[in-house]
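**Q** One structure coming up, written as structure tokens, with questions to follow.
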There are 2 protein chains.
Amino acid sequence: MQYVDNSISYKPVHLLQPGHADYLEELITRLETRTAVIGIIGLGYVGLPLMLRYANAGFKVTGFDIDARKVAMLNGGQSYIEHVTSRSIADARNRGFEATTDFSAASEADALIICVPTPLNAYREPDLSFIFGTVDALVPHMRKGQIMSLESTTYPGTTTEELRPRLEARGFEVGRDVFLVFSPEREDPGNQQFKTRSIPKVCGGDTPACCKAGIALYGSAIDQVVPVSSTRAAELTKLLENIHRAVNIGLVNEMKIIADRMQIDIYEVINAAATKPFGFTPYYPGPGLGGHCIPIDPFYLTWKARQYGLHTRFIELAGEINNDMPYWVVNKVINALNDRGLPLRGSKILVLGIAYKKNVDDMRESPSVTLMELLRERGAEVSYSDPHVPVFPPMREHHFDLSSIELTRESISSHDVLLLATNHSDFDYAFIQKHAKLIVDTRGVYRDSYPNVVKS
Amino acid sequence: MQYVDNSISYKPVHLLQPGHADYLEELITRLETRTAVIGIIGLGYVGLPLMLRYANAGFKVTGFDIDARKVAMLNGGQSYIEHVTSRSIADARNRGFEATTDFSAASEADALIICVPTPLNAYREPDLSFIFGTVDALVPHMRKGQIMSLESTTYPGTTTEELRPRLEARGFEVGRDVFLVFSPEREDPGNQQFKTRSIPKVCGGDTPACCKAGIALYGSAIDQVVPVSSTRAAELTKLLENIHRAVNIGLVNEMKIIADRMQIDIYEVINAAATKPFGFTPYYPGPGLGGHCIPIDPFYLTWKARQYGLHTRFIELAGEINNDMPYWVVNKVINALNDRGLPLRGSKILVLGIAYKKNVDDMRESPSVTLMELLRERGAEVSYSDPHVPVFPPMREHHFDLSSIELTRESISSHDVLLLATNHSDFDYAFIQKHAKLIVDTRGVYRDSYPNVVKS
């Protein structure tokens with residue numbers, strides 16, 4: 001993971017921009033006057049909305065991605081994310097947005113904002129290969145006066161311990177020649193109330209000058225920038241947000257198991273507790289954690305804490321309970337079938353909703369996929385219906401050769417169990433309930449009692 | 001704990017009110033017309049504000065307590081709780097409020113609202129002796145047409161499994177002759193924004209008629225009543241609220257320990273995370289859990305869950321981490337002194353704030369007391385300053401023969417360490433910082449860096 005100096009491809013730094021005294025001032029001026037070029041690396045769920053925001057704020061934006069297919073679509077004015085319209089991409093194109101796979105174009109940008117994935121490897125350790133690959137591809141093309149911002153969620157220390165040395169190895173003095181910040185993304189796909197622009201942006205600089213540059217960068221496109229004292233504080237801020245969420249979901253999943261055993265309706269209890277006007281925030285149980293953030297990010301802290309001799313007990317416990325939820329749900333299905341004298345093996349199960357949360361098409365870490373695999377392993381005939389996912393997409397670790405089934409009277413009644421895994425608003429729940437033999441509801445959609453609904 | 005039938009003292013139920021067909025209707029009418037008499041049993045942090053609310057709503061209220069001293073004070077128009085004014089007690093007296101130790105007066109009340117403590121015993125098991133003692137004292141004096149409401153926090157099942165049989169043993173049919181509900185108290189002493197009246201009141205009835213009676217009871221004095229389907233749902237609602245809080249405080253205490261080791265300021269991180277307008281609620285670390293609810297209530301569920309073969313893992317973990325915080329703080333004190341070449345033994349420690357939270361005089365389960373004991377055990381000379389607690393009160397398990405020390409230049413500078421345990425608004429923090437040799441701050445009061453402040 002060390003930076004490889006392939007110096008044949010570029011000139012030494014000192015020859016590029018000799019004698020420039022105050023890069024910070026010039027950068028800030030270019031950002032304030034919208035004459036800066038914004039480079040965004042990684043055009044996915046985070047980078048694409050951010051590109052649109054900068055384009056709408058009046059900047060020329062260059063988008064970088066290693067996926068030539070995505071680049072071609074964007075340059076053709078097409079989107080590949082459901083909640084980002086092709087119209088908005090075409091608009092951005094008209095404002096000068098261009099996508100490219102050619103990282104040498106980085107030299108033309110004033111800002112390089114990195115929005116690449118930070119997954120876990122098979123041993124639940126941070127996989128920073130996308131970040132390192134990106135930075136190593138960018139650094140040869142960097143010049144003085146640029147700002148680099150990392151938005152990918154990661155452990156405290158990444159920016160200073162990993163990115164800074166890569167810039168220094170190129171001969172830059174960080175905080176004078178180039179500027180380095182960490183500013184965590186807070187995208188929430190499907191959130192109608194808060195958008196990229198209105199979600200405050202935390203930003204920590206590697207030096208005070210870096211922080212100033214970061215405030216100028218984000219202040220030119222985001223309503224509120226929240227500066228913090230270091231990149232490490234900014235990195236931990238994002239982790240705390242997602243740890244808070246993972247733990248609260250873990251807690252309410254544990255409470256669901258207890259309430260279920262006590263034959264108390266956990267949704268009634270949560271909604272009653274939510275009437276307390278202070279000191280309580282409702283979280284809801286589900287079939288397991290999904291999405292790219294909540295199931296993954298907390299373990300970045302777990303990994304880093306080990307270096308300090310510490311064990312992140314709440315994160316581990318939340319992980320155990322949340323990871324166990326699909327198994328718990330499968331047992332609910334087995335018991336519900338068993339109560340009707342049926343085994344799971346050979347039963348026809350229709351999974352309703354395979355996106356990881358409602359009203360999106362995002363399947364990353366979706367618990368529905370785990371459910372489908374567990375059910376298939378146990379001999380069930382599994383199919384699915386999801387208005388947002390017409391065809392089961394290719395996934396790194398999962399394979400289903402399936403298309404979404406249309407929900408008709410016949411398709412509903414021909415399955416032994418409808419497993420309600422994602423509560424999309426598009427589903428006609430009354431119609432489903434009317435025609436289903438048996439529904440296992442993991443989302444608390446059915447509040448009343450029905451003979452054919454099992455709450456899970 | 002069985003109900004003892006001392007039937008000499010009262011007539012059989014059927015002779016008291018023969019032939020009354022609809023007690024529910026009459027009770028509701030009496031509540032709606034403010035002609036009902038409200039009996040409140042237990043005149044402490046919960047019962048006293050509730051008494052004031054009913055008195056202000058136009059009801060005659062009778063207060064019951066086994067403490068003759070409290071009863072005498074109230075009847076003399078005096079309060080014994082800092083945030084309840086004597087003026088308000090005197091006003092209630094003028095509206096007909098009377099306190100008594102004589103439980104036979106219960107027969108004159110239409111409603112019996114039980115607000116007694118539910119502590120844990122030495123083995124961390126529920127101690128319902130106050131509830132049982134109260135109910136057993138009331139039942140002989142009850143008559144048909146009354147409603148009994150339990151407000152004390154307890155495990156799901158208490159009302160139906162323990163109170164209902166006690167009423168039935170007296171010959172009442174619950175839901176016809178008398179009405180039984182559980183409606184958890186939500187008092188938050190010191191909360192300026194929400195008061196008894198404006199905090200929605202959850203209420204679950206033992207039968208549908210009981211629930212109706214409960215809605216009428218609380219609807220006559222509280223702005224919003226939230227009915228739930230059972231007493232057990234209402235019992236679990238209160239526990240969920242406090243478990244949520246205990247777990248979130250436990251989580252942030254664990255995060256504090258990690259951030260401290262990484263030399264990141266956890267308060268900066270929490271405040272930055274709190275700028276996220278959705279999905280995050282800030283909780284703050286401290287020297288340990290205090291008060292009568294959060295450290296205690298969750299274990300009521302732990303105890304009950306065992307009966308169902310379940311283990312409440314989040315509650316246990318939160319308990320472990322929160323209980324460990326005073327030890328962590330004491331180590332901070334020891335290390336801070338050690339950095340200055342001093343041992344704890346023989347050092348003079350002034351604890352700032354011994355109430356369990358800021359701006360109140362309530363010392364129940366205060367972590368300050370634990371801190372004082374740990375420091376004393378280790379040979380420190382311990383004193384305290386708390387504007388809300390002039391004299392260290394008699395406590396069941398703790399003894400300190402101390403009075404609050406006035407904070408002067410001399411008293412501050414004569415101590416080796418000022419241990420800031422409760423962040424009362426009345427403290428002059430700049431003055432303290434100016435004159436202290438060393439401050440160990442467990443509340444994040446000092447946001448900037450000072451050579452004499454150690455963040456803990």
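Note on naming: chains are A, B, ... as they come in the structure tokens, residues start from 1 per chain, ligands start from 1 in the order shown.
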Residues of segment 363-395 of chain B classed as strand (DSSP E) by DSSP on the backbone are to be reported as a list in words.
**A** Glu381, Val382, Ser383, Tyr384 and Ser385 of chain B
**Q** Go ahead and write the selection's residues with C-alpha atoms as a short mmCIF file (atom, residue, chain, number, x, y, z; two decimals), in the first residue's frame.
**A**
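Below is the file selection.cif, written as the result:
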data_model
loop_
_atom_site.label_atom_id
_atom_site.label_comp_id
_atom_site.auth_asym_id
_atom_site.auth_seq_id
_atom_site.Cartn_x
_atom_site.Cartn_y
_atom_site.Cartn_z
CA GLU B 381 -9.14 14.04 52.49
CA VAL B 382 -12.51 14.59 50.86
CA SER B 383 -14.77 17.61 51.11
CA TYR B 384 -17.46 18.97 48.82
CA SER B 385 -19.16 22.09 47.60
#
**Q** Restrict the distance test to only C-alpha atoms, flag each residue of chain B within 8 Å of chain A, and return the flagged residues as a ChimeraX atom specification.
**A** /B:186,194,199-200,202,226,228,232-234,236-238,240-241,244-245,248,251,254,258,261-262,264-265,268-270,272-273,275-277,279-281,305,308,310,312-314,317
**Q** Pick from B:Phe132, B:Phe427, B:Phe400, B:Tyr123: nearest to Arg166 of chain B, with only C-alpha atoms counted?
**A**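 Closest to Arg166 of chain B of all the choices is B:Phe132.
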**Q** Find the spatial neighbours of Met73 of chain A, counting only C-alpha atoms, within a cut-off of 10 Å - ignore same-chain residues fewer than 4 positions away - and output them as a ChimeraX atom specification.
**A** /A:68-69,77-80,86,89,99
**Q** Could you list, as a PDB file with C-alpha atoms, in the first residue's frame, every residue within 8 Å of Ser368 of chain A, counting only C-alpha atoms and ignoring same-chain residues fewer than 5 positions away?
**A**
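New file selection_22.pdb:
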ATOM      1  CA  PRO A 287     -34.668  -8.153   9.788  1.00  0.00           C
ATOM      2  CA  VAL A 351     -39.624 -11.986  -0.255  1.00  0.00           C
ATOM      3  CA  GLY A 353     -38.549  -5.881  -0.794  1.00  0.00           C
ATOM      4  CA  ILE A 354     -34.886  -6.652  -1.346  1.00  0.00           C
ATOM      5  CA  ALA A 355     -33.466  -3.100  -1.152  1.00  0.00           C
ATOM      6  CA  TYR A 356     -31.880  -2.461   2.232  1.00  0.00           C
ATOM      7  CA  ALA A 421     -38.508  -7.605   4.473  1.00  0.00           C
ATOM      8  CA  THR A 422     -38.534  -4.004   3.168  1.00  0.00           C
TER       9      THR A 422
END
**Q** Quick one: everything within 9 Å of Tyr327 of chain B, counting only C-alpha atoms, minus sequence neighbours fewer than 4 positions away in the same chain. Send it as a short mmCIF file (atom, residue, chain, number, x, y, z; two decimals) with N, CA and C atoms, in the first residue's frame.
**A**
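For reference, part.cif as written:
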data_model
loop_
_atom_site.label_atom_id
_atom_site.label_comp_id
_atom_site.auth_asym_id
_atom_site.auth_seq_id
_atom_site.Cartn_x
_atom_site.Cartn_y
_atom_site.Cartn_z
N PRO B 287 -19.44 11.07 35.12
CA PRO B 287 -18.69 10.25 36.08
C PRO B 287 -19.43 8.98 36.49
N ASN B 323 -21.26 1.70 35.64
CA ASN B 323 -20.81 1.49 37.02
C ASN B 323 -19.30 1.63 37.16
N ASN B 331 -9.09 7.04 38.75
CA ASN B 331 -7.78 6.83 38.14
C ASN B 331 -7.27 8.10 37.45
N LYS B 332 -8.17 8.86 36.87
CA LYS B 332 -7.78 10.14 36.28
C LYS B 332 -7.23 11.07 37.35
N THR B 370 -20.27 7.95 45.26
CA THR B 370 -19.34 6.84 44.98
C THR B 370 -17.92 7.37 44.85
N LEU B 371 -17.77 8.46 44.11
CA LEU B 371 -16.44 9.06 43.96
C LEU B 371 -15.85 9.42 45.33
N LEU B 374 -14.74 6.25 47.10
CA LEU B 374 -13.53 5.66 46.51
C LEU B 374 -12.30 6.49 46.89
#
**Q** Within 9 Å of Gly444 of chain B, counting only C-alpha atoms, which residues qualify if same-chain residues fewer than 5 places away don't, as an mmCIF file with C-alpha atoms, in the first residue's frame?
**A**
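The file below, part00.cif, is the result:
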data_model
loop_
_atom_site.group_PDB
_atom_site.id
_atom_site.type_symbol
_atom_site.label_atom_id
_atom_site.label_comp_id
_atom_site.auth_asym_id
_atom_site.auth_seq_id
_atom_site.Cartn_x
_atom_site.Cartn_y
_atom_site.Cartn_z
ATOM 1 C CA ILE B 266 -15.110 13.488 22.848
ATOM 2 C CA TYR B 267 -17.171 16.622 23.509
ATOM 3 C CA TYR B 284 -22.932 13.157 27.039
ATOM 4 C CA PRO B 285 -20.514 11.170 29.169
ATOM 5 C CA GLY B 286 -20.139 11.700 32.886
ATOM 6 C CA ASN B 423 -22.021 20.930 36.416
ATOM 7 C CA LYS B 455 -10.477 16.365 31.117
ATOM 8 C CA SER B 456 -11.971 13.188 32.479
#
**Q** In Å, how far is it from atom CA of Pro390 of chain B to atom CA of Ser403 of chain B?
**A**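 That distance, rounded to one decimal, is 5.8 Å.
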**Q** Which of these, B:Ala436, B:His399, B:Ala92, B:Thr35, has the shortest distance to Met372 of chain B once you count only C-alpha atoms?
**A**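 Result for the nearest residue to Met372 of chain B: B:His399.
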